[in-house]
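Trainee: Hey, dropping upload.cif in here, mmCIF, C-alpha atoms (C1' of nucleotides):
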data_target
#
loop_
_atom_site.label_atom_id
_atom_site.label_comp_id
_atom_site.auth_asym_id
_atom_site.auth_seq_id
_atom_site.Cartn_x
_atom_site.Cartn_y
_atom_site.Cartn_z
CA MET A 1 4.71 25.69 44.59
CA VAL A 2 4.33 27.76 41.48
CA ARG A 3 2.97 26.52 38.22
CA GLN A 4 5.61 24.94 36.05
CA PRO A 5 5.48 26.74 32.72
CA SER A 6 7.67 24.12 31.08
CA ILE A 7 4.95 21.54 31.23
CA ASN A 8 2.27 24.03 30.32
CA ALA A 9 0.63 23.61 26.95
CA GLN A 10 1.24 27.28 26.21
CA ASN A 11 5.00 26.77 26.23
CA ARG A 12 5.29 23.86 23.85
CA ALA A 13 6.22 24.52 20.27
CA PRO A 14 2.82 24.83 18.60
CA LEU A 15 1.70 22.10 16.27
CA SER A 16 2.19 22.61 12.55
CA ILE A 17 1.73 20.58 9.39
CA GLU A 18 5.52 20.35 9.06
CA ARG A 19 6.05 19.00 12.59
CA ILE A 20 3.15 16.57 12.18
CA THR A 21 4.45 15.28 8.85
CA GLU A 22 7.99 14.85 10.17
CA ALA A 23 6.81 12.92 13.21
CA ALA A 24 4.63 10.72 11.02
CA LEU A 25 7.51 9.99 8.65
CA GLN A 26 9.69 9.05 11.61
CA ILE A 27 7.09 6.56 12.83
CA VAL A 28 6.70 5.05 9.35
CA ASP A 29 10.45 4.77 8.80
CA GLY A 30 11.09 3.35 12.25
CA GLN A 31 8.12 1.11 12.89
CA GLY A 32 6.34 0.66 9.58
CA LEU A 33 3.24 2.10 7.95
CA GLY A 34 0.93 -0.19 9.87
CA ARG A 35 1.92 1.37 13.16
CA LEU A 36 1.15 4.91 12.08
CA THR A 37 -2.04 5.71 13.99
CA MET A 38 -3.45 9.07 14.94
CA ARG A 39 -3.18 8.19 18.62
CA ARG A 40 0.47 7.15 18.36
CA LEU A 41 1.22 10.23 16.29
CA GLY A 42 -0.39 12.33 18.99
CA ASP A 43 1.81 10.68 21.61
CA ALA A 44 4.94 11.41 19.58
CA LEU A 45 3.91 15.07 19.39
CA GLU A 46 2.92 15.13 23.09
CA VAL A 47 -0.59 16.08 22.22
CA GLU A 48 -3.98 14.42 22.19
CA ALA A 49 -4.67 12.70 18.85
CA MET A 50 -7.67 14.93 18.28
CA ALA A 51 -5.53 18.06 18.20
CA ILE A 52 -4.11 16.90 14.87
CA TYR A 53 -7.46 17.33 13.18
CA HIS A 54 -7.25 21.03 13.80
CA HIS A 55 -4.28 21.23 11.42
CA LEU A 56 -5.33 18.45 9.05
CA PRO A 57 -9.09 18.76 8.63
CA ARG A 58 -9.17 15.86 6.18
CA GLY A 59 -7.61 13.69 8.85
CA LYS A 60 -5.50 10.67 8.12
CA GLU A 61 -6.08 10.90 4.37
CA GLN A 62 -4.45 14.31 4.34
CA LEU A 63 -1.62 13.07 6.52
CA LEU A 64 -0.82 10.25 4.10
CA ASP A 65 -1.08 12.61 1.13
CA GLY A 66 1.51 14.78 2.81
CA LEU A 67 3.87 11.85 3.28
CA VAL A 68 3.64 10.99 -0.42
CA ALA A 69 4.34 14.60 -1.38
CA HIS A 70 7.27 14.76 1.02
CA VAL A 71 8.93 11.65 -0.39
CA ALA A 72 7.91 11.47 -4.06
CA ALA A 73 7.95 15.11 -5.13
CA ALA A 74 11.66 15.52 -5.94
CA PRO A 75 12.25 17.11 -9.33
CA ALA A 76 15.48 16.86 -11.30
CA ASP A 77 17.77 19.89 -11.66
CA THR A 78 16.54 21.39 -14.91
CA GLY A 79 19.15 24.15 -14.88
CA ALA A 80 22.15 21.92 -15.45
CA ALA A 81 21.09 20.09 -18.60
CA ASP A 82 22.36 20.63 -22.13
CA ALA A 83 22.79 18.44 -25.20
CA ALA A 84 25.96 16.86 -23.83
CA SER A 85 24.94 16.33 -20.21
CA TRP A 86 21.26 15.54 -20.00
CA ARG A 87 21.80 11.81 -19.64
CA GLY A 88 24.21 12.46 -16.78
CA VAL A 89 21.68 14.74 -15.08
CA LEU A 90 18.97 12.10 -15.33
CA ARG A 91 21.36 9.39 -14.17
CA SER A 92 22.25 11.28 -11.02
CA TRP A 93 18.62 12.28 -10.40
CA ALA A 94 17.62 8.61 -10.69
CA GLY A 95 20.26 7.61 -8.14
CA ASP A 96 19.03 10.22 -5.68
CA TYR A 97 15.38 9.36 -6.24
CA ARG A 98 16.03 5.67 -5.69
CA GLY A 99 17.79 6.61 -2.46
CA ARG A 100 14.76 8.59 -1.27
CA LEU A 101 12.38 5.74 -2.02
CA LEU A 102 14.55 3.16 -0.27
CA ALA A 103 15.11 5.44 2.75
CA HIS A 104 11.34 5.74 3.12
CA ALA A 105 10.30 2.33 1.91
CA GLY A 106 7.28 2.41 4.19
CA VAL A 107 5.61 5.08 2.08
CA LEU A 108 6.17 3.24 -1.20
CA PRO A 109 2.76 1.52 -0.97
CA LEU A 110 1.21 4.97 -0.59
CA VAL A 111 2.97 6.27 -3.70
CA VAL A 112 1.39 3.42 -5.60
CA THR A 113 -2.11 4.12 -4.30
CA ARG A 114 -4.54 6.39 -6.04
CA ARG A 115 -4.00 9.04 -3.40
CA ASN A 116 -2.44 12.45 -4.10
CA PRO A 117 -2.27 12.24 -7.90
CA ALA A 118 -0.55 15.65 -8.07
CA ALA A 119 2.51 14.55 -6.09
CA LEU A 120 4.45 13.08 -9.01
CA THR A 121 3.52 15.70 -11.57
CA ALA A 122 6.35 18.12 -10.76
CA THR A 123 8.81 15.24 -10.89
CA VAL A 124 7.65 14.00 -14.30
CA THR A 125 7.61 17.54 -15.65
CA SER A 126 11.20 18.14 -14.57
CA LEU A 127 12.35 14.98 -16.33
CA ARG A 128 10.72 16.08 -19.57
CA GLU A 129 12.24 19.53 -19.22
CA VAL A 130 15.74 18.10 -18.75
CA MET A 131 15.37 16.16 -21.97
CA ARG A 132 13.83 19.06 -23.83
CA GLN A 133 16.84 21.21 -22.92
CA GLY A 134 19.00 18.34 -24.09
CA GLY A 135 17.40 18.63 -27.51
CA VAL A 136 15.05 15.65 -27.29
CA ARG A 137 11.76 16.18 -29.10
CA GLU A 138 8.49 16.54 -27.18
CA GLU A 139 6.91 13.17 -27.71
CA PRO A 140 9.97 10.94 -27.16
CA ALA A 141 10.76 13.01 -24.05
CA ALA A 142 7.29 12.43 -22.62
CA VAL A 143 7.60 8.69 -23.20
CA ALA A 144 11.10 8.48 -21.77
CA ALA A 145 10.11 10.48 -18.68
CA HIS A 146 7.44 7.95 -17.81
CA THR A 147 9.68 5.04 -18.68
CA LEU A 148 12.43 6.35 -16.44
CA LEU A 149 10.21 7.18 -13.48
CA GLY A 150 8.37 3.89 -13.90
CA TYR A 151 11.64 2.00 -13.90
CA VAL A 152 13.00 3.73 -10.80
CA ILE A 153 9.80 3.23 -8.79
CA GLY A 154 9.32 -0.34 -9.96
CA HIS A 155 12.93 -1.30 -9.31
CA ALA A 156 12.78 0.24 -5.84
CA ALA A 157 9.69 -1.86 -5.16
CA LEU A 158 11.54 -5.01 -6.21
CA GLU A 159 14.51 -4.09 -4.04
CA VAL A 160 12.38 -3.47 -0.98
CA ARG A 161 10.76 -6.84 -1.39
CA GLY A 162 14.18 -8.38 -1.97
CA THR A 163 13.05 -10.63 -4.79
CA ALA A 164 15.22 -13.73 -4.48
CA GLU A 165 17.02 -15.25 -7.44
CA ASP A 166 15.98 -18.81 -8.16
CA GLY A 167 19.02 -21.04 -8.71
CA ALA A 168 21.45 -20.25 -5.94
CA ASP A 169 20.49 -17.89 -3.17
CA ARG A 170 23.56 -15.76 -3.76
CA ALA A 171 22.96 -12.15 -2.78
CA VAL A 172 21.92 -9.75 -5.51
CA ASP A 173 24.08 -6.65 -5.98
CA TRP A 174 21.19 -4.23 -6.21
CA ASP A 175 23.34 -1.15 -6.69
CA ALA A 176 25.04 -2.62 -9.74
CA ARG A 177 21.81 -4.04 -11.08
CA PHE A 178 20.03 -0.73 -10.76
CA THR A 179 22.83 1.13 -12.53
CA VAL A 180 23.04 -1.29 -15.42
CA GLY A 181 19.28 -1.31 -15.91
CA LEU A 182 19.26 2.47 -15.72
CA ASP A 183 21.86 2.73 -18.49
CA LEU A 184 19.73 0.35 -20.48
CA VAL A 185 16.76 2.68 -20.15
CA LEU A 186 18.76 5.84 -20.80
CA THR A 187 20.45 4.37 -23.85
CA GLY A 188 17.07 3.81 -25.45
CA ALA A 189 15.84 7.29 -24.50
CA GLY A 190 16.08 10.13 -26.99
CA MET B 1 -43.19 -26.88 8.84
CA VAL B 2 -40.08 -28.88 8.17
CA ARG B 3 -36.57 -27.65 8.52
CA GLN B 4 -35.34 -25.91 5.39
CA PRO B 5 -32.13 -27.65 4.43
CA SER B 6 -31.29 -24.93 1.94
CA ILE B 7 -30.61 -22.42 4.70
CA ASN B 8 -28.83 -24.99 6.80
CA ALA B 9 -25.12 -24.52 7.26
CA GLN B 10 -24.55 -28.15 6.31
CA ASN B 11 -25.77 -27.53 2.79
CA ARG B 12 -23.66 -24.54 1.87
CA ALA B 13 -20.54 -25.07 -0.17
CA PRO B 14 -17.85 -25.43 2.47
CA LEU B 15 -15.35 -22.65 2.90
CA SER B 16 -11.98 -23.02 1.21
CA ILE B 17 -8.90 -20.88 0.69
CA GLU B 18 -9.83 -20.55 -2.97
CA ARG B 19 -13.36 -19.31 -2.28
CA ILE B 20 -12.10 -16.94 0.40
CA THR B 21 -9.42 -15.48 -1.86
CA GLU B 22 -11.84 -15.03 -4.75
CA ALA B 23 -14.37 -13.24 -2.57
CA ALA B 24 -11.63 -11.01 -1.15
CA LEU B 25 -10.38 -10.12 -4.62
CA GLN B 26 -13.90 -9.25 -5.67
CA ILE B 27 -14.26 -6.86 -2.74
CA VAL B 28 -10.89 -5.22 -3.44
CA ASP B 29 -11.61 -4.83 -7.16
CA GLY B 30 -15.12 -3.55 -6.59
CA GLN B 31 -14.79 -1.39 -3.48
CA GLY B 32 -11.08 -0.87 -2.87
CA LEU B 33 -8.51 -2.32 -0.52
CA GLY B 34 -9.65 -0.15 2.36
CA ARG B 35 -13.04 -1.83 2.46
CA LEU B 36 -11.67 -5.35 2.69
CA THR B 37 -12.42 -6.29 6.30
CA MET B 38 -12.75 -9.71 7.82
CA ARG B 39 -16.33 -8.94 8.79
CA ARG B 40 -17.30 -7.82 5.30
CA LEU B 41 -15.53 -10.80 3.80
CA GLY B 42 -17.48 -13.05 6.13
CA ASP B 43 -20.73 -11.43 4.98
CA ALA B 44 -19.81 -12.01 1.32
CA LEU B 45 -19.20 -15.68 2.10
CA GLU B 46 -22.37 -15.91 4.22
CA VAL B 47 -20.39 -16.92 7.24
CA GLU B 48 -19.29 -15.34 10.51
CA ALA B 49 -15.96 -13.54 10.12
CA MET B 50 -14.37 -15.79 12.70
CA ALA B 51 -14.91 -18.87 10.52
CA ILE B 52 -12.29 -17.56 8.12
CA TYR B 53 -9.56 -18.00 10.73
CA HIS B 54 -10.12 -21.72 10.60
CA HIS B 55 -8.84 -21.76 7.03
CA LEU B 56 -6.33 -18.92 7.34
CA PRO B 57 -4.71 -19.32 10.76
CA ARG B 58 -2.43 -16.33 10.14
CA GLY B 59 -5.53 -14.21 9.61
CA LYS B 60 -5.61 -11.12 7.47
CA GLU B 61 -1.86 -11.23 6.81
CA GLN B 62 -2.29 -14.59 5.14
CA LEU B 63 -5.30 -13.35 3.22
CA LEU B 64 -3.32 -10.42 1.77
CA ASP B 65 -0.38 -12.68 0.96
CA GLY B 66 -2.77 -14.83 -1.02
CA LEU B 67 -4.05 -11.86 -2.99
CA VAL B 68 -0.51 -10.88 -3.94
CA ALA B 69 0.28 -14.42 -5.04
CA HIS B 70 -2.94 -14.60 -7.05
CA VAL B 71 -2.24 -11.40 -8.97
CA ALA B 72 1.57 -11.11 -9.18
CA ALA B 73 2.65 -14.70 -9.70
CA ALA B 74 2.21 -14.98 -13.47
CA PRO B 75 5.28 -16.43 -15.22
CA ALA B 76 6.08 -16.03 -18.90
CA ASP B 77 5.73 -18.98 -21.28
CA THR B 78 9.24 -20.40 -21.24
CA GLY B 79 8.43 -23.08 -23.78
CA ALA B 80 7.92 -20.76 -26.74
CA ALA B 81 11.20 -18.85 -26.70
CA ASP B 82 14.13 -19.23 -29.09
CA ALA B 83 16.83 -16.92 -30.41
CA ALA B 84 14.45 -15.32 -32.92
CA SER B 85 11.35 -14.92 -30.76
CA TRP B 86 12.34 -14.24 -27.17
CA ARG B 87 11.73 -10.51 -27.40
CA GLY B 88 8.27 -11.20 -28.76
CA VAL B 89 7.55 -13.61 -25.92
CA LEU B 90 8.60 -11.03 -23.35
CA ARG B 91 6.64 -8.31 -25.12
CA SER B 92 3.44 -10.30 -24.99
CA TRP B 93 4.08 -11.39 -21.41
CA ALA B 94 4.57 -7.75 -20.41
CA GLY B 95 1.27 -6.77 -22.02
CA ASP B 96 -0.57 -9.52 -20.18
CA TYR B 97 1.13 -8.73 -16.88
CA ARG B 98 0.29 -5.04 -17.18
CA GLY B 99 -3.31 -6.07 -17.82
CA ARG B 100 -3.37 -8.15 -14.64
CA LEU B 101 -1.99 -5.33 -12.53
CA LEU B 102 -4.42 -2.77 -13.92
CA ALA B 103 -7.37 -5.15 -13.57
CA HIS B 104 -6.50 -5.57 -9.88
CA ALA B 105 -5.11 -2.13 -9.17
CA GLY B 106 -6.27 -2.38 -5.58
CA VAL B 107 -3.66 -5.01 -4.77
CA LEU B 108 -0.79 -3.04 -6.31
CA PRO B 109 0.07 -1.42 -2.97
CA LEU B 110 0.30 -4.91 -1.48
CA VAL B 111 2.70 -6.05 -4.20
CA VAL B 112 4.96 -3.18 -3.23
CA THR B 113 4.87 -4.02 0.47
CA ARG B 114 7.38 -6.29 2.11
CA ARG B 115 4.78 -9.02 2.36
CA ASN B 116 5.00 -12.35 0.57
CA PRO B 117 8.54 -12.01 -0.82
CA ALA B 118 8.24 -15.34 -2.65
CA ALA B 119 5.33 -14.26 -4.85
CA LEU B 120 7.39 -12.63 -7.59
CA THR B 121 10.19 -15.18 -7.65
CA ALA B 122 8.56 -17.55 -10.13
CA THR B 123 7.82 -14.61 -12.40
CA VAL B 124 11.39 -13.27 -12.38
CA THR B 125 12.76 -16.76 -12.92
CA SER B 126 10.58 -17.29 -15.97
CA LEU B 127 11.78 -14.03 -17.52
CA ARG B 128 15.40 -15.06 -17.09
CA GLU B 129 14.66 -18.47 -18.52
CA VAL B 130 13.05 -16.98 -21.64
CA MET B 131 16.17 -14.95 -22.26
CA ARG B 132 18.47 -17.82 -21.51
CA GLN B 133 16.69 -19.90 -24.14
CA GLY B 134 17.02 -16.93 -26.47
CA GLY B 135 20.78 -17.15 -26.10
CA VAL B 136 21.27 -14.24 -23.69
CA ARG B 137 24.07 -14.81 -21.20
CA GLU B 138 23.36 -15.31 -17.51
CA GLU B 139 24.27 -11.94 -16.06
CA PRO B 140 22.69 -9.67 -18.68
CA ALA B 141 19.57 -11.82 -18.49
CA ALA B 142 19.34 -11.38 -14.73
CA VAL B 143 19.68 -7.62 -15.06
CA ALA B 144 17.18 -7.38 -17.89
CA ALA B 145 14.64 -9.52 -16.01
CA HIS B 146 14.61 -7.09 -13.10
CA THR B 147 14.63 -4.08 -15.41
CA LEU B 148 11.66 -5.41 -17.32
CA LEU B 149 9.60 -6.42 -14.28
CA GLY B 150 10.51 -3.16 -12.56
CA TYR B 151 9.38 -1.19 -15.58
CA VAL B 152 6.06 -3.00 -15.90
CA ILE B 153 5.20 -2.65 -12.21
CA GLY B 154 6.37 0.95 -12.02
CA HIS B 155 4.55 1.96 -15.17
CA ALA B 156 1.35 0.31 -13.97
CA ALA B 157 1.68 2.28 -10.75
CA LEU B 158 1.96 5.54 -12.73
CA GLU B 159 -1.04 4.59 -14.85
CA VAL B 160 -3.20 3.82 -11.86
CA ARG B 161 -2.38 7.19 -10.36
CA GLY B 162 -3.01 8.79 -13.73
CA THR B 163 -0.04 11.14 -13.51
CA ALA B 164 -1.13 14.28 -15.34
CA GLU B 165 1.02 15.97 -17.96
CA ASP B 166 1.94 19.52 -17.09
CA GLY B 167 1.40 21.83 -20.08
CA ALA B 168 -2.02 21.02 -21.44
CA ASP B 169 -4.22 18.52 -19.70
CA ARG B 170 -4.60 16.49 -22.86
CA ALA B 171 -5.22 12.84 -22.11
CA VAL B 172 -2.24 10.50 -22.13
CA ASP B 173 -2.42 7.50 -24.44
CA TRP B 174 -1.19 5.02 -21.85
CA ASP B 175 -1.36 2.01 -24.15
CA ALA B 176 0.93 3.63 -26.71
CA ARG B 177 3.23 5.03 -24.05
CA PHE B 178 3.60 1.63 -22.37
CA THR B 179 4.39 -0.07 -25.67
CA VAL B 180 6.99 2.46 -26.74
CA GLY B 181 8.70 2.40 -23.34
CA LEU B 182 8.62 -1.38 -23.40
CA ASP B 183 10.39 -1.47 -26.77
CA LEU B 184 12.92 0.92 -25.34
CA VAL B 185 13.63 -1.50 -22.49
CA LEU B 186 13.67 -4.58 -24.72
CA THR B 187 15.96 -2.96 -27.26
CA GLY B 188 18.58 -2.43 -24.58
CA ALA B 189 18.17 -5.97 -23.24
CA GLY B 190 20.47 -8.72 -24.41
"C1'" DA C 1 -13.80 -30.68 11.64
"C1'" DC C 2 -16.04 -26.58 11.10
"C1'" DC C 3 -18.53 -22.71 12.59
"C1'" DT C 4 -20.68 -19.32 16.11
"C1'" DG C 5 -21.11 -15.60 19.86
"C1'" DA C 6 -19.35 -12.88 23.13
"C1'" DA C 7 -15.54 -10.34 24.45
"C1'" DC C 8 -11.05 -7.49 24.27
"C1'" DA C 9 -7.97 -4.04 22.82
"C1'" DC C 10 -7.58 -0.86 19.47
"C1'" DC C 11 -8.88 2.11 15.43
"C1'" DG C 12 -10.55 6.95 12.95
"C1'" DT C 13 -13.47 10.53 13.74
"C1'" DT C 14 -17.34 13.82 15.80
"C1'" DC C 15 -18.63 16.96 18.93
"C1'" DA C 16 -19.22 19.77 22.91
"C1'" DA C 17 -16.37 21.83 26.08
"C1'" DG C 18 -12.40 24.09 27.95
"C1'" DT C 19 -8.49 27.90 27.80
"C1'" DA D 1 -7.27 29.80 17.89
"C1'" DC D 2 -5.90 25.72 19.69
"C1'" DC D 3 -6.41 21.73 22.40
"C1'" DT D 4 -8.97 18.18 25.46
"C1'" DG D 5 -12.25 14.31 26.96
"C1'" DA D 6 -15.84 11.53 26.26
"C1'" DA D 7 -18.28 9.04 23.00
"C1'" DC D 8 -19.52 6.29 18.61
"C1'" DA D 9 -19.06 3.01 15.10
"C1'" DC D 10 -15.96 -0.02 13.51
"C1'" DC D 11 -11.64 -2.90 13.34
"C1'" DG D 12 -8.61 -7.71 13.94
"C1'" DT D 13 -8.31 -11.39 16.85
"C1'" DT D 14 -8.93 -14.77 21.12
"C1'" DC D 15 -11.37 -18.15 23.20
"C1'" DA D 16 -14.89 -21.10 24.91
"C1'" DA D 17 -18.79 -23.18 23.18
"C1'" DG D 18 -21.75 -25.42 19.97
"C1'" DT D 19 -22.77 -29.08 16.11
#
Translate the structure of the given file into structure tokens.
Mentor:
Amino acid sequence: MVRQPSINAQNRAPLSIERITEAALQIVDGQGLGRLTMRRLGDALEVEAMAIYHHLPRGKEQLLDGLVAHVAAAPADTGAADAASWRGVLRSWAGDYRGRLLAHAGVLPLVVTRRNPAALTATVTSLREVMRQGGVREEPAAVAAHTLLGYVIGHAALEVRGTAEDGADRAVDWDARFTVGLDLVLTGAG
Amino acid sequence: MVRQPSINAQNRAPLSIERITEAALQIVDGQGLGRLTMRRLGDALEVEAMAIYHHLPRGKEQLLDGLVAHVAAAPADTGAADAASWRGVLRSWAGDYRGRLLAHAGVLPLVVTRRNPAALTATVTSLREVMRQGGVREEPAAVAAHTLLGYVIGHAALEVRGTAEDGADRAVDWDARFTVGLDLVLTGAG
DNA sequence: ACCTGAACACCGTTCAAGT
DNA sequence: ACCTGAACACCGTTCAAGT
């Protein structure tokens, strides 16, 4: 019986940071952050856990940094903004960004940790740029960018936790609530 | 030589949930969330780690839930609000709440996790009540309560990460930025 | 009732070794 | 260059035992 090349290590798709990060995100989304271990990640990639360290020398820290970058680094479309439309651009960006955060709720605690401080920079910068192109002055734009991003992240955190109302336990319409609060923030901006 | 009662287990202050939670918070604030282990917590309390389980049957989960409750359950003063002052009450609450979150930045990731969904309920309720007493109608008050809490938590998260500006690396005046953004949110509310 | 000690299954990571 | 296997120090938690 000849060697079976299909089960030979040489024939597998080689490991890469992209494949590792994707597999990790799938574990986090499907089973929760607490179940993301190097050994389980290795299993998912059909590789010994220790092989991962060859691609991520800083180990699990680097892996988690990558997850934060993958989820939280999503800039707004700075090309489409002018004086008439910049609020609309930010509104649609905010909707998309909220969607990302909710789709990967397991990484939200990581976004809030000190790790990977560079990950949000591109996002904040793009928000300021959209406003600048809309004619908003530098300083108000910088404030509003942080206010907006802070609101979106904070609101997503509340949604994930599903903060109950007190009185009745009627369900909260999070979509509507997010939109109204967003308008409230955008109205003040600029 | 007689027995030394001072090093006898009988003479130590007995363990309690309060003492355990305080010691845990001190470890998190001083060394970070990652270094909070049951064994280290036991050391800090001069007890074997396993003794903790007698007071917290649900183990570390329950311990972390307690930390979230201790930090994030801080309602606004509902007694002091009327039609003229409710914005001021919320403004000062927000400042205090931000202070709490920054003082215990290590627990912020826990606040954002699914754990302990009840912890923020009292806080949200108090915000709605302040507005209700200020004459704001039910539905706008509910929206504004979530917007405000979302903003404060989200902004604190950005501060802790220290999101850098792009252009220059001039330092951000976080105090001023928080206050201005807060006014922006409160202006829209009601 | 309250705490201890030993034990179990599982982590992240290092390092020498294989191909 | 890329991956493996064994090993180390450290987790959370259980359980029987002590007082």
Trainee: For chain C, list the residues within 10 Å of chain B, counting all atoms listed in the file, and write the list as a ChimeraX atom specification.
Mentor: /C:1-5
Trainee: Starting from chain B, keep only residues with some atom at most 8 Å from an atom of chain A, counting all atoms listed in the file, and report them as a VMD selection string.
Mentor: chain B and resid 106 108 to 110 112 to 115 117 to 118 120 to 122 124 to 125 143 to 144 146 to 147 149 to 158 160 to 166 177 to 178 180 to 181 184 to 185 187 to 189
Trainee: Between atom CA of Pro57 of chain A and atom C1' of DC10 of chain D, measure the distance and give it in Å to one decimal.
Mentor: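 Interatomic distance here is 20.6 Å.
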Trainee: Kindly provide, as AutoDock Vina command-line options, the centre and edge lengths (Å, one decimal) of an axis-aligned box around all atoms of segment 22-38 of chain A given in the file, with 3 Å on each side.
Mentor:
--center_x 3.8 --center_y 7.3 --center_z 11.4 --size_x 20.5 --size_y 21.0 --size_z 13.0
Trainee: Please evaluate the PyMOL selection byres ((chain A and resi 61) around 12) against the structure above and give the resulting residues as a list of chain:residue names.
Mentor: A:Thr37, A:Met38, A:Tyr53, A:Leu56, A:Pro57, A:Arg58, A:Gly59, A:Lys60, A:Gln62, A:Leu63, A:Leu64, A:Asp65, A:Gly66, A:Leu67, A:Val68, A:Leu110, A:Thr113, A:Arg114, A:Arg115, A:Asn116, B:Gly34, C:DG12, C:DT13
Trainee: Would you list the residues near (-15.6, -21.3, 24.4), meaning any protein, DNA or RNA residue with an atom at most 10 Å from that point in file coordinates, counting only C-alpha atoms (C1' of nucleotides), as a PyMOL selection string?
Mentor: (chain C and resi 4-6) or (chain D and resi 14-18)
Trainee: Could you spell out the hits of the PyMOL selection byres ((chain A and resi 89-93) around 9) on the shown file, as a list in words?
Mentor: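 On this input, the PyMOL selection byres ((chain A and resi 89-93) around 9) captures Ala74, Pro75, Ala76, Asp77, Thr78, Ala80, Ala81, Ser85, Trp86, Arg87, Gly88, Ala94, Gly95, Asp96, Tyr97, Arg98, Leu127, Val130, Met131, Leu148, Thr179, Leu182, Asp183 and Leu186 of chain A.
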Trainee: To one decimal in Å, tell me the separation between atom CA of Gly135 of chain A and atom CA of Asp173 of chain B.
Mentor: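 Going from atom CA of Gly135 of chain A over to atom CA of Asp173 of chain B covers 22.9 Å.
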Trainee: Would you mind putting back N, CA, C and O atoms on segment 138-149 of chain B, then writing it out as an mmCIF file, in the coordinates of the input?
Mentor:
data_model
loop_
_atom_site.group_PDB
_atom_site.id
_atom_site.type_symbol
_atom_site.label_atom_id
_atom_site.label_comp_id
_atom_site.auth_asym_id
_atom_site.auth_seq_id
_atom_site.Cartn_x
_atom_site.Cartn_y
_atom_site.Cartn_z
ATOM 1 N N GLU B 138 23.940 -15.285 -18.851
ATOM 2 C CA GLU B 138 23.360 -15.310 -17.510
ATOM 3 C C GLU B 138 23.187 -13.921 -16.882
ATOM 4 O O GLU B 138 22.095 -13.529 -16.487
ATOM 5 N N GLU B 139 24.295 -13.192 -16.824
ATOM 6 C CA GLU B 139 24.270 -11.940 -16.060
ATOM 7 C C GLU B 139 23.425 -10.861 -16.720
ATOM 8 O O GLU B 139 22.590 -10.244 -16.034
ATOM 9 N N PRO B 140 23.591 -10.630 -18.016
ATOM 10 C CA PRO B 140 22.690 -9.670 -18.680
ATOM 11 C C PRO B 140 21.222 -10.076 -18.559
ATOM 12 O O PRO B 140 20.348 -9.214 -18.422
ATOM 13 N N ALA B 141 20.959 -11.360 -18.606
ATOM 14 C CA ALA B 141 19.570 -11.820 -18.490
ATOM 15 C C ALA B 141 18.992 -11.488 -17.123
ATOM 16 O O ALA B 141 17.843 -11.056 -17.000
ATOM 17 N N ALA B 142 19.811 -11.677 -16.087
ATOM 18 C CA ALA B 142 19.340 -11.380 -14.730
ATOM 19 C C ALA B 142 19.022 -9.894 -14.575
ATOM 20 O O ALA B 142 17.999 -9.511 -13.997
ATOM 21 N N VAL B 143 19.906 -9.062 -15.127
ATOM 22 C CA VAL B 143 19.680 -7.620 -15.060
ATOM 23 C C VAL B 143 18.412 -7.245 -15.828
ATOM 24 O O VAL B 143 17.544 -6.528 -15.329
ATOM 25 N N ALA B 144 18.303 -7.757 -17.036
ATOM 26 C CA ALA B 144 17.180 -7.380 -17.890
ATOM 27 C C ALA B 144 15.851 -7.861 -17.302
ATOM 28 O O ALA B 144 14.829 -7.185 -17.436
ATOM 29 N N ALA B 145 15.871 -9.012 -16.632
ATOM 30 C CA ALA B 145 14.640 -9.520 -16.010
ATOM 31 C C ALA B 145 14.128 -8.543 -14.963
ATOM 32 O O ALA B 145 12.929 -8.221 -14.921
ATOM 33 N N HIS B 146 15.031 -8.055 -14.120
ATOM 34 C CA HIS B 146 14.610 -7.090 -13.100
ATOM 35 C C HIS B 146 14.215 -5.752 -13.717
ATOM 36 O O HIS B 146 13.273 -5.108 -13.260
ATOM 37 N N THR B 147 14.956 -5.345 -14.751
ATOM 38 C CA THR B 147 14.630 -4.080 -15.410
ATOM 39 C C THR B 147 13.219 -4.149 -15.987
ATOM 40 O O THR B 147 12.400 -3.243 -15.795
ATOM 41 N N LEU B 148 12.961 -5.259 -16.676
ATOM 42 C CA LEU B 148 11.660 -5.410 -17.320
ATOM 43 C C LEU B 148 10.514 -5.459 -16.299
ATOM 44 O O LEU B 148 9.540 -4.711 -16.407
ATOM 45 N N LEU B 149 10.661 -6.322 -15.287
ATOM 46 C CA LEU B 149 9.600 -6.420 -14.280
ATOM 47 C C LEU B 149 9.437 -5.104 -13.536
ATOM 48 O O LEU B 149 8.309 -4.660 -13.277
#
